[in-house]
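Q: The structure file structure-v1.cif (mmCIF, C-alpha atoms) is provided below.
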```cif
data_input
#
loop_
_atom_site.label_atom_id
_atom_site.label_comp_id
_atom_site.auth_asym_id
_atom_site.auth_seq_id
_atom_site.Cartn_x
_atom_site.Cartn_y
_atom_site.Cartn_z
CA MET A 138 0.41 -14.72 12.27
CA LEU A 139 1.08 -11.03 11.76
CA ARG A 140 4.50 -9.76 12.80
CA PHE A 141 4.74 -6.68 14.97
CA LYS A 142 8.03 -4.96 15.56
CA VAL A 143 9.06 -4.70 19.18
CA ILE A 144 9.29 -0.93 18.92
CA VAL A 145 5.50 -0.82 18.58
CA PHE A 146 5.12 -1.88 22.21
CA LEU A 147 7.99 -0.11 23.94
CA ALA A 148 6.10 3.09 24.80
CA ILE A 149 3.67 2.48 27.71
CA LEU A 150 1.66 5.52 28.66
CA THR A 151 -0.83 6.15 31.46
CA LEU A 152 -4.32 7.08 30.22
CA SER A 153 -6.48 8.26 33.11
CA SER A 154 -9.72 8.02 31.13
CA ALA A 155 -9.11 4.50 29.78
CA GLN A 156 -10.85 1.37 30.98
CA GLU A 157 -8.85 -0.80 33.38
CA THR A 158 -8.78 -4.61 33.26
CA GLU A 159 -6.67 -7.27 34.94
CA ARG A 160 -4.72 -10.21 33.56
CA LYS A 161 -3.11 -13.02 35.59
CA ILE A 162 0.03 -14.59 34.17
CA PRO A 163 1.96 -17.57 35.68
CA LEU A 164 5.35 -16.45 36.92
CA THR A 165 7.81 -19.15 35.88
CA THR A 166 10.93 -18.20 33.93
CA LEU A 167 11.76 -14.68 32.81
CA GLU A 168 11.60 -15.77 29.17
CA GLN A 169 8.07 -17.20 29.55
CA LEU A 170 6.88 -14.09 31.37
CA THR A 171 8.27 -11.85 28.63
CA ALA A 172 6.59 -13.99 25.96
CA SER A 173 3.26 -13.80 27.80
CA LEU A 174 3.46 -10.03 28.14
CA ASP A 175 4.33 -9.68 24.46
CA SER A 176 1.32 -11.84 23.60
CA VAL A 177 -0.95 -9.54 25.61
CA LYS A 178 0.48 -6.47 23.91
CA GLU A 179 0.08 -8.03 20.47
CA SER A 180 -3.54 -8.96 21.25
CA LEU A 181 -4.28 -5.36 22.24
CA ALA A 182 -2.68 -4.03 19.07
CA ASN A 183 -4.67 -6.52 16.95
CA GLU A 184 -7.83 -5.05 18.44
CA GLY A 185 -6.66 -1.50 17.68
CA GLU A 186 -5.78 -0.57 21.29
CA TRP A 187 -2.43 1.24 21.15
CA ASN A 188 -0.27 2.90 23.85
CA ALA A 189 -1.69 0.66 26.57
CA GLN A 190 -0.09 0.43 30.04
CA LEU A 191 0.78 -2.82 31.83
CA ARG A 192 1.32 -2.38 35.61
CA LEU A 193 2.23 -5.13 38.07
CA ASN A 194 -0.33 -5.11 40.90
CA ARG A 195 0.61 -8.04 43.07
CA LEU A 196 1.97 -11.56 43.28
CA GLU A 197 -0.18 -14.40 44.56
CA ARG A 198 0.04 -18.18 44.88
CA ASP A 199 -2.44 -20.57 43.29
CA ASP A 200 -1.78 -24.12 44.57
CA SER A 201 1.81 -24.72 43.51
CA ARG A 202 1.93 -21.87 40.98
CA LEU A 203 3.05 -18.31 41.49
CA LEU A 204 0.82 -15.87 39.59
CA SER A 205 1.56 -12.29 38.62
CA SER A 206 -1.48 -10.01 38.48
CA TRP A 207 -1.20 -7.25 35.85
CA GLU A 208 -3.39 -4.20 35.54
CA ILE A 209 -4.08 -3.31 31.90
CA THR A 210 -5.00 0.26 31.13
CA GLY A 211 -6.66 0.07 27.72
CA GLY A 212 -5.06 2.06 24.99
CA LYS A 213 -6.66 4.24 22.34
CA PRO A 214 -7.34 3.71 18.61
CA LEU A 215 -4.80 5.16 16.19
CA ALA A 216 -5.24 5.96 12.50
CA LEU A 217 -2.91 4.65 9.80
CA ASP A 218 -0.40 7.35 8.93
CA SER A 219 1.31 5.78 5.90
CA VAL A 220 1.75 2.56 3.88
CA VAL A 221 5.17 1.18 2.95
CA LEU A 222 5.43 -1.36 0.10
CA GLN A 223 8.59 -3.19 1.12
CA GLY A 224 10.31 -4.57 -1.99
CA ALA A 225 8.54 -2.34 -4.55
CA ASP A 226 11.60 -0.23 -5.36
CA GLU A 227 10.95 -0.63 -9.12
CA LEU A 228 7.75 1.43 -8.86
CA ASN A 229 7.81 5.21 -8.81
CA SER A 230 6.30 7.19 -5.92
CA GLN A 231 3.21 8.26 -7.88
CA THR A 232 2.30 4.67 -8.78
CA ILE A 233 2.76 3.55 -5.17
CA ALA A 234 0.58 6.42 -3.99
CA GLN A 235 -2.19 5.31 -6.37
CA ILE A 236 -1.91 1.70 -5.23
CA VAL A 237 -2.45 2.62 -1.58
CA GLU A 238 -4.82 5.54 -2.20
CA GLY A 239 -7.77 5.63 0.19
CA LYS A 240 -6.04 3.53 2.87
CA ILE A 241 -4.42 6.34 4.87
CA GLY A 242 -6.43 7.39 7.93
CA HIS A 243 -8.14 4.02 8.46
CA SER A 244 -8.19 2.55 11.96
CA ALA A 245 -5.03 0.53 12.64
CA ASN A 246 -5.95 -2.99 13.71
CA ASN A 247 -5.48 -6.57 12.62
CA ASN A 248 -8.48 -6.67 10.27
CA SER A 249 -7.44 -3.45 8.56
CA LEU A 250 -3.94 -4.83 7.99
CA ILE A 251 -5.24 -8.07 6.47
CA LYS A 252 -7.60 -6.18 4.14
CA LEU A 253 -4.81 -3.81 3.09
CA ASP A 254 -2.47 -6.72 2.34
CA LYS A 255 -5.10 -8.46 0.17
CA SER A 256 -5.85 -5.21 -1.61
CA VAL A 257 -2.20 -4.58 -2.52
CA VAL A 258 -1.32 -8.10 -3.74
CA ALA A 259 -4.53 -8.16 -5.83
CA PHE A 260 -2.55 -6.26 -8.48
CA SER A 261 -1.27 -8.74 -11.06
CA PHE A 262 2.25 -7.28 -10.95
CA LEU A 263 2.67 -7.57 -7.13
CA ASN A 264 3.22 -10.87 -5.32
CA LYS A 265 3.10 -11.53 -1.58
CA ALA A 266 6.60 -11.72 -0.05
CA GLY A 267 5.80 -12.06 3.65
CA ASP A 268 3.34 -11.18 6.39
CA PRO A 269 2.37 -7.50 6.83
CA TYR A 270 3.03 -5.67 10.08
CA TYR A 271 2.75 -2.28 11.76
CA ALA A 272 5.72 -0.07 12.62
CA ARG A 273 5.81 3.32 14.28
CA SER A 274 8.08 6.32 14.06
CA SER A 275 6.61 8.19 17.04
CA GLU A 276 4.00 7.81 19.75
CA ASN A 277 0.96 8.43 17.56
CA ARG A 278 2.28 7.72 14.05
CA LEU A 279 1.75 4.25 12.58
CA SER A 280 2.86 2.80 9.25
CA ALA A 281 1.62 -0.42 7.64
CA VAL A 282 4.48 -2.36 6.05
CA ILE A 283 3.44 -4.73 3.21
CA PRO A 284 6.26 -7.03 2.01
CA VAL A 285 5.85 -7.56 -1.75
CA GLU A 286 7.89 -8.54 -4.77
CA THR A 287 7.30 -7.06 -8.22
CA ASP A 288 6.73 -9.34 -11.21
CA PHE A 289 8.08 -7.44 -14.23
CA SER A 290 10.42 -8.44 -17.03
CA HIS A 291 11.28 -7.24 -20.51
CA THR A 292 11.03 -10.16 -22.94
CA ILE A 293 12.01 -10.98 -26.49
CA VAL A 294 10.66 -14.27 -27.82
CA ALA A 295 11.82 -15.56 -31.18
CA ALA A 296 10.28 -18.72 -32.59
CA ALA A 297 10.83 -20.71 -35.78
CA GLY A 298 8.97 -23.68 -37.16
CA LEU A 299 10.03 -26.27 -39.74
CA GLN A 300 7.04 -27.79 -41.51
CA PRO A 301 7.32 -30.55 -44.15
CA SER A 302 5.03 -30.17 -47.18
CA PRO A 303 3.82 -32.71 -49.79
CA ASP A 304 6.08 -31.26 -52.51
CA GLY A 305 9.12 -32.06 -50.37
CA LYS A 306 9.98 -28.43 -49.64
CA ASN A 307 10.14 -27.46 -45.99
CA ARG A 308 8.50 -24.18 -44.97
CA ILE A 309 9.98 -21.94 -42.30
CA THR A 310 7.64 -19.86 -40.18
CA GLY A 311 8.54 -16.96 -37.93
CA ASP A 312 7.18 -15.53 -34.68
CA ILE A 313 8.68 -12.58 -32.78
CA GLN A 314 7.20 -11.14 -29.58
CA ILE A 315 8.58 -8.16 -27.65
CA GLY A 316 7.27 -7.11 -24.26
CA LEU A 317 8.30 -4.04 -22.25
CA GLU A 318 7.03 -3.95 -18.67
CA ASN A 319 7.33 -1.10 -16.18
CA PRO A 320 9.84 0.92 -18.24
CA PHE A 321 9.37 4.13 -16.18
CA GLY A 322 8.20 2.67 -12.88
CA SER A 323 4.53 3.16 -13.81
CA ALA A 324 3.68 -0.58 -14.17
CA SER A 325 2.72 -0.02 -17.82
CA VAL A 326 3.01 -2.89 -20.31
CA SER A 327 3.68 -2.67 -24.07
CA ARG A 328 3.48 -5.59 -26.50
CA LEU A 329 4.58 -6.10 -30.08
CA TRP A 330 3.87 -9.34 -31.94
CA TRP A 331 4.80 -10.26 -35.50
CA ASN A 332 3.95 -13.67 -36.94
CA ARG A 333 4.58 -15.02 -40.43
CA LYS A 334 3.00 -18.23 -41.66
CA ASP A 335 4.10 -17.80 -45.31
CA GLU A 336 4.26 -15.09 -47.96
CA LYS A 337 0.44 -14.86 -48.01
CA SER A 338 -0.23 -14.90 -44.26
CA GLN A 339 1.17 -12.72 -41.52
CA LYS A 340 0.03 -10.84 -38.41
CA MET A 341 1.09 -7.69 -36.59
CA PHE A 342 -0.21 -6.74 -33.15
CA ILE A 343 0.68 -3.86 -30.83
CA SER A 344 -0.82 -2.96 -27.45
CA TYR A 345 -0.25 -0.62 -24.52
CA GLU A 346 -1.74 -0.85 -21.02
CA ASP A 347 -1.32 1.47 -18.05
CA PRO A 348 -2.91 0.54 -14.69
CA PHE A 349 -3.43 4.21 -13.80
CA LEU A 350 -4.40 7.06 -16.11
CA TRP A 351 -2.89 10.26 -14.73
CA ARG A 352 -4.18 10.43 -11.14
CA PHE A 353 -7.26 8.31 -11.67
CA ARG A 354 -7.68 4.93 -9.96
CA VAL A 355 -8.48 3.23 -13.28
CA GLY A 356 -6.21 2.44 -16.17
CA GLY A 357 -6.39 2.34 -19.95
CA TYR A 358 -5.72 -0.17 -22.72
CA PHE A 359 -5.19 0.26 -26.46
CA SER A 360 -4.45 -2.33 -29.16
CA PHE A 361 -4.18 -2.59 -32.93
CA LEU A 362 -4.21 -5.81 -34.99
CA GLN A 363 -3.63 -6.33 -38.71
CA ILE A 364 -3.86 -9.74 -40.41
CA LEU A 365 -3.20 -10.80 -43.98
CA GLN A 366 -4.83 -14.23 -44.27
CA ASP A 367 -3.92 -16.65 -47.09
CA GLY A 368 -3.86 -13.77 -49.55
CA LEU A 369 -7.68 -13.61 -49.37
CA TYR A 370 -8.42 -10.67 -47.09
CA VAL A 371 -6.92 -8.06 -44.75
CA ARG A 372 -8.41 -7.69 -41.29
CA GLN A 373 -7.78 -4.61 -39.15
CA GLU A 374 -9.02 -4.22 -35.59
CA SER A 375 -8.51 -1.48 -32.99
CA ALA A 376 -9.69 -1.63 -29.36
CA VAL A 377 -9.83 0.81 -26.45
CA SER A 378 -10.77 -0.10 -22.87
CA VAL A 379 -10.97 1.32 -19.37
CA VAL A 380 -9.10 -1.01 -16.99
CA VAL A 381 -9.95 -1.72 -13.36
CA PRO A 382 -6.55 -3.09 -12.29
CA ARG A 383 -7.60 -4.39 -8.87
CA SER A 384 -10.74 -6.01 -7.54
CA LYS A 385 -11.81 -8.97 -5.45
CA PHE A 386 -12.27 -10.91 -8.68
CA GLY A 387 -9.08 -9.87 -10.48
CA LYS A 388 -8.50 -7.34 -13.26
CA TRP A 389 -11.36 -6.14 -15.46
CA SER A 390 -11.62 -3.99 -18.57
CA PHE A 391 -14.63 -2.44 -20.29
CA GLY A 392 -14.48 -0.85 -23.72
CA GLY A 393 -15.15 -1.16 -27.41
CA SER A 394 -13.55 -2.30 -30.65
CA GLU A 395 -13.94 -1.67 -34.34
CA GLU A 396 -13.00 -4.20 -37.01
CA THR A 397 -12.86 -3.93 -40.80
CA VAL A 398 -12.26 -6.80 -43.26
CA THR A 399 -11.22 -5.90 -46.80
CA ILE A 400 -11.31 -8.60 -49.49
CA THR A 401 -8.41 -8.94 -51.93
CA ASP A 402 -8.82 -9.68 -55.63
CA GLU A 403 -8.11 -13.34 -54.97
CA GLY A 404 -10.72 -13.44 -52.22
CA ASP A 405 -13.25 -11.59 -54.39
CA SER A 406 -12.85 -14.22 -57.11
CA LEU A 407 -13.90 -16.84 -54.55
CA GLY A 408 -17.03 -14.91 -53.60
CA LEU A 409 -15.87 -13.65 -50.20
CA ALA A 410 -17.42 -10.47 -48.78
CA GLY A 411 -15.95 -7.88 -46.46
CA HIS A 412 -17.58 -6.57 -43.30
CA THR A 413 -17.33 -4.17 -40.37
CA ILE A 414 -18.04 -4.86 -36.67
CA ARG A 415 -18.43 -2.38 -33.84
CA SER A 416 -18.51 -4.13 -30.49
CA LEU A 417 -18.78 -3.51 -26.77
CA THR A 418 -16.30 -5.66 -24.87
CA VAL A 419 -15.73 -6.98 -21.36
CA GLN A 420 -12.57 -8.77 -20.30
CA GLY A 421 -11.51 -10.28 -16.98
CA GLU A 422 -8.33 -11.88 -15.66
CA TRP A 423 -7.90 -13.74 -12.37
CA ASP A 424 -4.36 -14.85 -11.55
CA ARG A 425 -3.36 -16.86 -8.48
CA ARG A 426 -0.14 -18.41 -9.82
CA ASP A 427 3.13 -18.05 -7.94
CA SER A 428 4.70 -16.42 -11.00
CA ARG A 429 3.44 -15.07 -14.32
CA THR A 430 6.54 -16.00 -16.29
CA ASN A 431 7.51 -19.38 -14.84
CA PRO A 432 4.75 -20.67 -12.52
CA THR A 433 4.92 -23.90 -10.51
CA LYS A 434 1.53 -23.82 -8.75
CA GLY A 435 -1.75 -21.93 -8.70
CA GLN A 436 -4.62 -21.08 -11.04
CA TRP A 437 -5.16 -18.59 -13.85
CA LEU A 438 -8.27 -17.59 -15.80
CA LYS A 439 -8.79 -15.04 -18.57
CA PHE A 440 -11.89 -14.39 -20.68
CA HIS A 441 -13.23 -11.95 -23.27
CA ILE A 442 -16.85 -11.25 -24.24
CA GLY A 443 -17.94 -9.05 -27.14
CA LEU A 444 -21.39 -7.98 -28.37
CA GLY A 445 -21.41 -6.13 -31.66
CA ASP A 446 -23.15 -4.74 -34.72
CA PHE A 447 -22.12 -6.81 -37.77
CA VAL A 448 -22.51 -5.24 -41.23
CA SER A 449 -21.52 -7.32 -44.23
CA ASP A 450 -20.86 -5.77 -47.65
CA GLY A 451 -24.07 -5.92 -49.66
CA SER A 452 -26.27 -7.45 -46.93
CA ALA A 453 -28.34 -6.44 -43.91
CA GLU A 454 -26.75 -5.84 -40.53
CA THR A 455 -27.12 -8.28 -37.64
CA ILE A 456 -25.87 -8.86 -34.09
CA SER A 457 -22.58 -10.66 -33.44
CA PHE A 458 -21.41 -12.37 -30.29
CA ASP A 459 -17.95 -13.66 -29.49
CA VAL A 460 -16.37 -15.19 -26.42
CA LYS A 461 -12.83 -16.38 -25.76
CA GLY A 462 -11.32 -17.98 -22.68
CA GLU A 463 -8.04 -19.36 -21.36
CA SER A 464 -7.27 -21.11 -18.10
CA GLU A 465 -4.48 -23.04 -16.41
CA ILE A 466 -4.26 -25.10 -13.24
CA LEU A 467 -0.80 -26.04 -11.90
CA ILE A 468 -0.63 -28.90 -9.41
CA PRO A 469 2.67 -29.75 -7.64
CA ILE A 470 3.05 -33.56 -7.63
CA MET A 471 6.49 -33.83 -6.07
CA ASP A 472 9.29 -31.45 -5.19
CA ARG A 473 10.31 -30.96 -8.86
CA LEU A 474 7.32 -32.43 -10.65
CA THR A 475 4.34 -30.28 -11.71
CA LEU A 476 1.16 -31.17 -13.58
CA SER A 477 -0.30 -28.44 -15.82
CA LEU A 478 -3.88 -28.54 -17.11
CA ALA A 479 -4.67 -25.79 -19.62
CA THR A 480 -7.80 -25.03 -21.65
CA ASP A 481 -8.21 -22.54 -24.47
CA GLY A 482 -11.32 -21.93 -26.54
CA GLY A 483 -13.60 -19.53 -28.33
CA TYR A 484 -16.85 -18.99 -30.20
CA PHE A 485 -18.15 -16.48 -32.77
CA GLY A 486 -21.79 -16.36 -33.81
CA LEU A 487 -24.29 -14.20 -35.68
CA ALA A 488 -27.97 -13.70 -34.90
CA SER A 489 -28.73 -14.37 -38.59
CA GLY A 490 -26.67 -15.55 -41.52
CA ALA A 491 -23.59 -17.72 -41.85
CA VAL A 492 -20.31 -16.90 -40.15
CA PRO A 493 -17.86 -15.64 -42.83
CA LEU A 494 -14.47 -17.25 -43.33
CA SER A 495 -12.73 -14.16 -41.97
CA LYS A 496 -14.39 -14.62 -38.53
CA LYS A 497 -13.88 -18.33 -38.09
CA LEU A 498 -11.41 -19.29 -35.37
CA ARG A 499 -8.10 -20.65 -36.57
CA TYR A 500 -5.99 -23.05 -34.55
CA GLY A 501 -3.15 -25.51 -34.85
CA GLY A 502 0.59 -25.10 -34.43
CA ALA A 503 3.09 -24.22 -31.72
CA SER A 504 0.86 -22.03 -29.56
CA SER A 505 -2.37 -24.05 -29.69
CA LEU A 506 -2.25 -27.62 -31.04
CA ARG A 507 1.31 -28.88 -31.36
CA GLY A 508 1.99 -31.51 -34.00
CA TYR A 509 -0.08 -29.75 -36.69
CA ASP A 510 0.53 -26.95 -39.19
CA GLU A 511 0.06 -23.36 -38.09
CA GLU A 512 -3.66 -22.44 -38.24
CA GLN A 513 -4.45 -25.68 -40.01
CA PHE A 514 -8.08 -25.76 -38.80
CA GLU A 515 -10.99 -23.30 -39.07
CA SER A 516 -14.15 -23.43 -36.96
CA VAL A 517 -17.02 -21.42 -35.49
CA TRP A 518 -16.14 -22.71 -32.01
CA VAL A 519 -13.30 -24.77 -30.60
CA VAL A 520 -12.03 -26.07 -27.25
CA ILE A 521 -8.35 -27.03 -26.90
CA ASN A 522 -7.00 -28.93 -23.90
CA GLN A 523 -3.33 -29.30 -23.05
CA LEU A 524 -1.87 -31.57 -20.38
CA GLU A 525 1.81 -31.28 -19.44
CA MET A 526 3.95 -33.07 -16.90
CA ARG A 527 7.02 -30.97 -16.12
CA TYR A 528 10.18 -32.05 -14.34
CA ARG A 529 12.34 -29.13 -13.23
CA ALA A 530 16.09 -29.33 -12.79
CA ASN A 531 16.08 -25.68 -11.66
CA ARG A 532 14.16 -22.45 -12.29
CA ASP A 533 14.99 -22.20 -16.02
CA ASN A 534 15.74 -25.78 -17.04
CA TYR A 535 13.04 -28.43 -17.23
CA PHE A 536 11.85 -31.36 -19.32
CA TYR A 537 8.21 -32.07 -20.08
CA THR A 538 5.88 -34.42 -21.89
CA PHE A 539 2.50 -33.31 -23.19
CA ILE A 540 -0.78 -34.30 -24.79
CA ASP A 541 -2.81 -31.77 -26.81
CA GLU A 542 -6.35 -32.44 -28.01
CA SER A 543 -9.27 -30.41 -29.33
CA PHE A 544 -12.82 -30.62 -30.62
CA ASP A 545 -14.86 -28.13 -32.66
CA ASP A 546 -18.18 -27.56 -34.45
CA GLU A 547 -16.98 -29.65 -37.41
CA LYS A 548 -16.81 -32.66 -35.06
CA ARG A 549 -13.06 -32.93 -35.57
CA THR A 550 -10.97 -34.27 -32.72
CA PRO A 551 -7.31 -33.77 -33.64
CA ALA A 552 -4.79 -34.69 -30.95
CA SER A 553 -1.05 -34.95 -30.53
CA ILE A 554 1.58 -36.24 -28.15
CA GLY A 555 5.09 -34.98 -27.69
CA ILE A 556 8.06 -34.03 -25.57
CA GLY A 557 9.76 -30.74 -24.87
CA LEU A 558 12.82 -29.20 -23.28
CA THR A 559 13.50 -25.76 -21.82
CA GLN A 560 17.18 -24.99 -21.39
CA LYS A 561 19.01 -21.82 -20.36
CA THR A 562 21.67 -20.83 -22.94
CA PRO A 563 23.95 -17.79 -23.45
CA MET A 564 21.41 -16.47 -26.02
CA GLY A 565 18.45 -16.86 -23.66
CA ILE A 566 16.09 -19.66 -22.74
CA LEU A 567 15.76 -22.26 -25.48
CA GLN A 568 12.40 -24.03 -25.73
CA LEU A 569 12.22 -27.03 -28.05
CA ASP A 570 9.04 -29.03 -28.78
CA TYR A 571 8.54 -32.18 -30.84
CA ALA A 572 4.98 -33.40 -31.41
CA VAL A 573 3.26 -36.04 -33.54
CA GLY A 574 -0.35 -35.74 -34.69
CA LYS A 575 -2.90 -38.48 -34.05
CA TYR A 576 -2.77 -39.91 -37.57
CA ASN A 577 0.86 -39.09 -38.39
CA SER A 578 4.01 -41.16 -38.22
CA PRO A 579 6.98 -40.03 -36.09
CA LYS A 580 8.83 -38.76 -39.18
CA GLU A 581 5.89 -36.44 -39.89
CA GLY A 582 6.20 -34.82 -36.47
CA LYS A 583 6.56 -31.07 -36.08
CA ILE A 584 9.51 -29.34 -34.42
CA HIS A 585 9.00 -25.92 -32.82
CA ILE A 586 11.90 -23.81 -31.54
CA ARG A 587 11.70 -20.67 -29.38
CA ILE A 588 14.38 -18.44 -27.90
CA ILE A 589 13.14 -16.43 -24.89
CA ASN A 590 15.28 -13.61 -23.55
CA ARG A 591 14.25 -11.83 -20.34
CA PHE A 592 16.11 -8.78 -19.05
#
```
Using structure tokens, write down the structure from this file.
A:
Amino acid sequence: MLRFKVIVFLAILTLSSAQETERKIPLTTLEQLTASLDSVKESLANEGEWNAQLRLNRLERDDSRLLSSWEITGGKPLALDSVVLQGADELNSQTIAQIVEGKIGHSANNNSLIKLDKSVVAFSFLNKAGDPYYARSSENRLSAVIPVETDFSHTIVAAAGLQPSPDGKNRITGDIQIGLENPFGSASVSRLWWNRKDEKSQKMFISYEDPFLWRFRVGGYFSFLQILQDGLYVRQESAVSVVVPRSKFGKWSFGGSEETVTITDEGDSLGLAGHTIRSLTVQGEWDRRDSRTNPTKGQWLKFHIGLGDFVSDGSAETISFDVKGESEILIPIMDRLTLSLATDGGYFGLASGAVPLSKKLRYGGASSLRGYDEEQFESVWVVINQLEMRYRANRDNYFYTFIDESFDDEKRTPASIGIGLTQKTPMGILQLDYAVGKYNSPKEGKIHIRIINRF
């Protein structure tokens, strides 16, 4: 039920040209009469009839009831004068103006308010914080007030993995992620990711996204990725997209990417060949979780589709197609118990020829299939399912058990089971996982440690 401030209904003006109707209201207690009159006024406002007049005509008796007969002089439509995002103090005035652009001047009624509310909270960085309502500063000036809460945080995530090897020497892996969100009130997001598997394998990724480019109602996205893989090749990829930050079906981006794979001497000795790909890309994200950083309920879906021109060194060009997808469903079981069902997968194919090693999907490890070495598996397509049961002590501290399993084009079905703990510490939020692969003993289990710091 939409809330309307009492001040909206205090001014009652006589409109000689308006249509007159009559409403009969039982006259019992003063409180019930006031509530009935407020209900009539709210109904008129919902229909877009403002500045109406209520005039008592007469009192009459109906059996044992005393009725009050009220003459209603219909009000007139008013246009929306401004939009206030209550709770969006982190955003600058220009960003707020672009969020609500095109809404000023619309007819002020219940349907308009509902549509405006849905339009605003469709942005991934704004969450609903209450019911919207109208307020007025003068007789013919109306403002729509949309209670929201922003969902931004700067993050630093540091992860380390300890992996036993057959020669008895443990290998330490590293993973550092830095995210800067809304640094200047513009809702922009920057990412930096560095990952090291060993001395022959590491990744570096940077990206920048702004929901609004200058004064346009669309945003922009840029990213750069560089991978050194097993000392065999270097892969570089850059991508640029136009972002539609708000729609009925979530956030969308349309753009292109260019990728180059250069073979090292070691890779050349194995007969590997480099290639280039120029692709057109489409990406969508639909988020209905109660929080991006620490959700307890809702659904989330993200996908990427690319269609490209694949040119391999020394061979004819062909068409490439790739698709990636991620999803999560969070189901509250009890007050502190939540079930999470997540799926992650992808596929890369060529119209002719075999898929090169450099384009096969790699999975395994802390972020995909716990209980296995980082990027232990390679495949043309893969689907990974993760099931977690989480018990929360509070917002930042919870214990969980999980089962990870996958299947791919090689007909492999690796799976693991494990337990985890997330605990708030003076250094940040500590996340600790222990998982055992399907064919491994408990002493061969993998331990993954992350430190997450939000500020």
Q: Of the residues A:Leu558, A:Ala324, A:Leu215, A:Ala259, which is the one nearest to A:Ser384, using only C-alpha atoms?
A: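 Closest candidate: A:Ala259.
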Q: Excluding same-chain residues fewer than 5 positions from A:Glu336, what lies within 10 Å of it counting only C-alpha atoms, as a list of chain:residue names?
A: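 Close residues of A:Glu336: A:Thr310, A:Leu365, A:Gln366, A:Asp367, A:Gly368.
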Q: May I have the selected residues written with C-alpha atoms, as a compact mmCIF listing (two decimals), keeping the file's coordinate frame?
A:
```txt
# COMPACT_ATOMS: atom_id res chain seq x y z
CA THR A 310 7.64 -19.86 -40.18
CA LEU A 365 -3.20 -10.80 -43.98
CA GLN A 366 -4.83 -14.23 -44.27
CA ASP A 367 -3.92 -16.65 -47.09
CA GLY A 368 -3.86 -13.77 -49.55
```
Q: Quote the spacing between atom CA of A:Thr413 and atom CA of A:Val398 in Å to one decimal place.
A: 6.4 Å
Q: Would you kindly translate the PyMOL selection byres ((chain A and resi 362) around 10) into the concrete residues it picks from this file, as a ChimeraX atom specification?
A: /A:330,340-344,360-361,363-364,372-376,396
Q: Quick check on the file I pasted: which residues fall under the PyMOL selection byres ((chain A and resi 478) around 8)? Write them as number ranges by chain.
A: A: 465-467, 476-477, 479-480, 522-525
Q: To one decimal in Å, tell me the separation between atom CA of A:Ile521 and atom CA of A:Ser543.
A: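 Interatomic distance here is 4.3 Å.
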Q: Compare A:Arg273, A:Lys255, A:Arg426, A:Arg278 by their minimum atom-to-atom distance to A:Asp218, counting only C-alpha atoms, and give me the closest one.
A: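 Comparing A:Arg273, A:Lys255, A:Arg426, A:Arg278 against A:Asp218, the winner is A:Arg278.
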Q: Apply the PyMOL selection byres ((chain A and resi 434-447) around 9) to the file shown and report the selected residues as a ChimeraX atom specification.
A: /A:393-394,412-428,432-433,448-449,453-469,475-477,487
Q: Find the distance between atom CA of A:Arg587 and atom CA of A:Ser504 and write it in Å to one decimal.
A: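 Result for atom CA of A:Arg587 versus atom CA of A:Ser504: 10.9 Å, one decimal.
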Q: Just checking: using all atoms listed in the file, which residue out of A:Val371, A:Ala172, A:Met526, A:Ile589 ends up closest to A:Lys561?
A: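 Answer, going by the shortest atom-to-atom distance: A:Ile589.
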Q: Residues at most 10 Å from A:Phe536, counting only C-alpha atoms, excluding those fewer than 2 positions away in the same chain, as a PyMOL selection string?
A: chain A and resi 474+526-530+534+538+556-560+568-569
Q: Which of these, A:Leu498, A:Val285, A:Leu407, A:Ile584, has the shortest distance to A:Glu515 once you count all atoms listed in the file?
A: A:Leu498
Q: Within 10 Å of (14.0, -22.4, -32.7) (coordinates as in the file), grab all the protein and nucleic acid residues, counting only C-alpha atoms, and write them out as JSON, numbers by chain.
A: {"A": [295, 296, 297, 298, 299, 311, 312, 567, 568, 569, 570, 584, 585, 586, 587, 588, 589]}
Q: How big is the axis-aligned box around all listed atoms of stretch 461-469 of chain A once 5 Å goes on each side, and where's its centre, in Å to one decimal, as AutoDock Vina command-line options?
A:
```
--center_x -5.1 --center_y -23.1 --center_z -16.7 --size_x 25.5 --size_y 23.4 --size_z 28.1
```
